[in-house]
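First the structure, in the form of structure tokens, and then the observations on it.
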Amino acid sequence: MPIDDNPPAITKIEYLHIRQALRAMSYQAPTGDFEVMLHLHLIDCLVGEEWRNASSLLRQYTLNLAIIRIVTETLTHHRRVFGLPAPDLHESVEQAKQSIRTDYAIGSQPLMIWSLLFYRYVRIELDWSRKMFCEILNVDERTITRHTTQGIEALTMQLIEAEMKVTGLYEAMTHFLDEIIGYPEMEES
């Protein structure tokens, strides 16, 4: 259900804005502006009508929660594909090291990038540096940088999809694609 007749351009959600939001979440000084992210329809829906004019801190907190949920749920999905347990927000440092090693040992690109995002930006209390990830995973810094970039790109796409769903654009687009491409209806078995 659309929020209004003029949904914001989805192009407001960009890789650089997500990277800055993640830096702010992990108590690093953002090197750019991510203010545009605080004014998405997604954030409006999450804070609710009565809080629509909420402070930027409440809106940032809401954005953080949305990012944490997307990262955690996506990692959970990828782990379940391989029969692994959902990520644990309360596992010890040693358990966390073993969990990310297990994720990387499987070799699935999506599993690795979402695991890296989880341990870098959701489990911020671990305070692992890029060098620490290299040591834990026995990989070079270029690999961590590449996986971080790929993870932020994947998260950006997830946030674009969430914004599209909130504005009604997702349903309109998928309906349009169904009309153009003509997906056959799936028969029930």
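Going by the structure tokens order, chains are called A, B, ..., each with residues numbered from 1, while ligands are numbered from 1 in the order shown.
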Would you mind listing what lies within 8 Å of A:Leu75 as a PyMOL selection string, with only C-alpha atoms counted and same-chain residues fewer than 6 positions away left out? chain A and resi 86-87+111+114-115+118
Quick one: residues within 7 Å of stretch 89-102 of chain A, only C-alpha atoms counted, chain neighbours fewer than 2 positions away excluded, as a PDB file with N, CA and C atoms, in the first residue's frame?
```pdb
ATOM      1  N   PRO A  87      22.487 -17.222  13.503  1.00  0.00           N
ATOM      2  CA  PRO A  87      23.510 -16.496  14.264  1.00  0.00           C
ATOM      3  C   PRO A  87      23.017 -16.204  15.674  1.00  0.00           C
ATOM      4  N   TYR A 104      32.892 -19.326   6.443  1.00  0.00           N
ATOM      5  CA  TYR A 104      33.878 -19.165   5.378  1.00  0.00           C
ATOM      6  C   TYR A 104      34.358 -20.504   4.836  1.00  0.00           C
ATOM      7  N   ALA A 105      34.441 -21.513   5.681  1.00  0.00           N
ATOM      8  CA  ALA A 105      34.913 -22.830   5.245  1.00  0.00           C
ATOM      9  C   ALA A 105      33.965 -23.457   4.221  1.00  0.00           C
ATOM     10  N   ILE A 106      32.694 -23.133   4.298  1.00  0.00           N
ATOM     11  CA  ILE A 106      31.724 -23.679   3.349  1.00  0.00           C
ATOM     12  C   ILE A 106      31.999 -23.153   1.948  1.00  0.00           C
ATOM     13  N   SER A 115      27.912 -13.111   6.579  1.00  0.00           N
ATOM     14  CA  SER A 115      28.557 -13.408   7.857  1.00  0.00           C
ATOM     15  C   SER A 115      29.514 -12.280   8.236  1.00  0.00           C
ATOM     16  N   ARG A 123      27.481  -7.387  15.412  1.00  0.00           N
ATOM     17  CA  ARG A 123      28.180  -7.757  16.648  1.00  0.00           C
ATOM     18  C   ARG A 123      29.335  -6.776  16.915  1.00  0.00           C
ATOM     19  N   LEU A 126      32.213  -6.940  19.566  1.00  0.00           N
ATOM     20  CA  LEU A 126      33.424  -7.736  19.363  1.00  0.00           C
ATOM     21  C   LEU A 126      34.602  -6.842  18.993  1.00  0.00           C
ATOM     22  N   ILE A 136      41.596 -14.171  11.859  1.00  0.00           N
ATOM     23  CA  ILE A 136      40.595 -15.185  12.194  1.00  0.00           C
ATOM     24  C   ILE A 136      40.325 -16.095  11.004  1.00  0.00           C
ATOM     25  N   LEU A 137      40.222 -15.501   9.823  1.00  0.00           N
ATOM     26  CA  LEU A 137      39.816 -16.241   8.627  1.00  0.00           C
ATOM     27  C   LEU A 137      40.984 -16.705   7.765  1.00  0.00           C
TER      28      LEU A 137
END
```
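Every protein or nucleic acid residue with an atom no more than 12 Å from A:Gln158, counting only C-alpha atoms and leaving out same-chain residues fewer than 2 positions away, appears here: A:Ile10, A:Ile13, A:Glu14, A:Tyr15, A:Ile18, A:Leu42, A:Ala66, A:Ile67, A:Ile68, A:Arg69, A:Ile70, A:Val71, A:Glu73, A:Thr74, A:Trp114, A:Gly151, A:Ile152, A:Glu153, A:Ala154, A:Leu155, A:Thr156, A:Ile160, A:Glu161, A:Ala162, A:Glu163, A:Met164, A:Lys165, A:Tyr170.
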Just-selected residues, C-alpha atoms written as a CSV table (one decimal), in the first residue's frame:
```
chain,number,residue,atom,x,y,z
A,10,ILE,CA,14.7,4.6,-5.1
A,13,ILE,CA,19.5,4.5,-1.5
A,14,GLU,CA,23.1,4.2,-2.6
A,15,TYR,CA,26.1,2.2,-1.7
A,18,ILE,CA,24.7,2.5,3.3
A,42,LEU,CA,10.7,2.6,5.1
A,66,ALA,CA,16.2,-2.2,10.0
A,67,ILE,CA,19.8,-2.9,8.9
A,68,ILE,CA,20.5,-5.2,11.8
A,69,ARG,CA,17.3,-7.2,11.1
A,70,ILE,CA,18.0,-7.5,7.3
A,71,VAL,CA,21.6,-8.6,8.0
A,73,GLU,CA,17.7,-12.6,8.8
A,74,THR,CA,19.6,-12.9,5.6
A,114,TRP,CA,26.5,-11.8,5.1
A,151,GLY,CA,28.1,-7.3,1.4
A,152,ILE,CA,27.3,-3.6,1.4
A,153,GLU,CA,26.2,-3.9,-2.3
A,154,ALA,CA,23.9,-6.8,-1.3
A,155,LEU,CA,22.6,-4.9,1.7
A,156,THR,CA,21.9,-1.9,-0.5
A,160,ILE,CA,16.1,-0.9,-2.1
A,161,GLU,CA,13.7,-3.8,-2.3
A,162,ALA,CA,12.3,-3.0,1.2
A,163,GLU,CA,11.7,0.6,0.2
A,164,MET,CA,10.1,-0.5,-3.1
A,165,LYS,CA,7.7,-2.8,-1.1
A,170,TYR,CA,7.7,-3.5,-5.9
```
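Comparing A:Met132, A:Ile124, A:Leu40, A:Ile113 by their smallest distance to A:Arg146, the closest is A:Ile113 (using only C-alpha atoms).
Here atom CA of A:Arg130 is placed at a distance of 22.7 Å from atom CA of A:Arg79.
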Which of these, A:Asp127, A:Asp44, A:Glu135, A:Asp140, has the shortest distance to A:Val166 once you count only C-alpha atoms? A:Asp44
Å distance separating atom CA of A:Arg59 from atom CA of A:Arg19, one decimal place: 16.8 Å
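Atom pair atom CA of A:His17 / atom CA of A:Phe133 has a distance of 23.5 Å (rounded to one decimal).
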I'd like to know which residues of stretch 42-113 of chain A are helix (DSSP H, G or I) (by DSSP, run on the backbone); could you write them as number ranges by chain? A: 42-47, 49-51, 56-81, 93-106, 109-113
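Nearest residue to A:Leu159, choosing from A:Leu46, A:Leu63, A:Met112, A:Met25 and counting only C-alpha atoms: A:Leu63.
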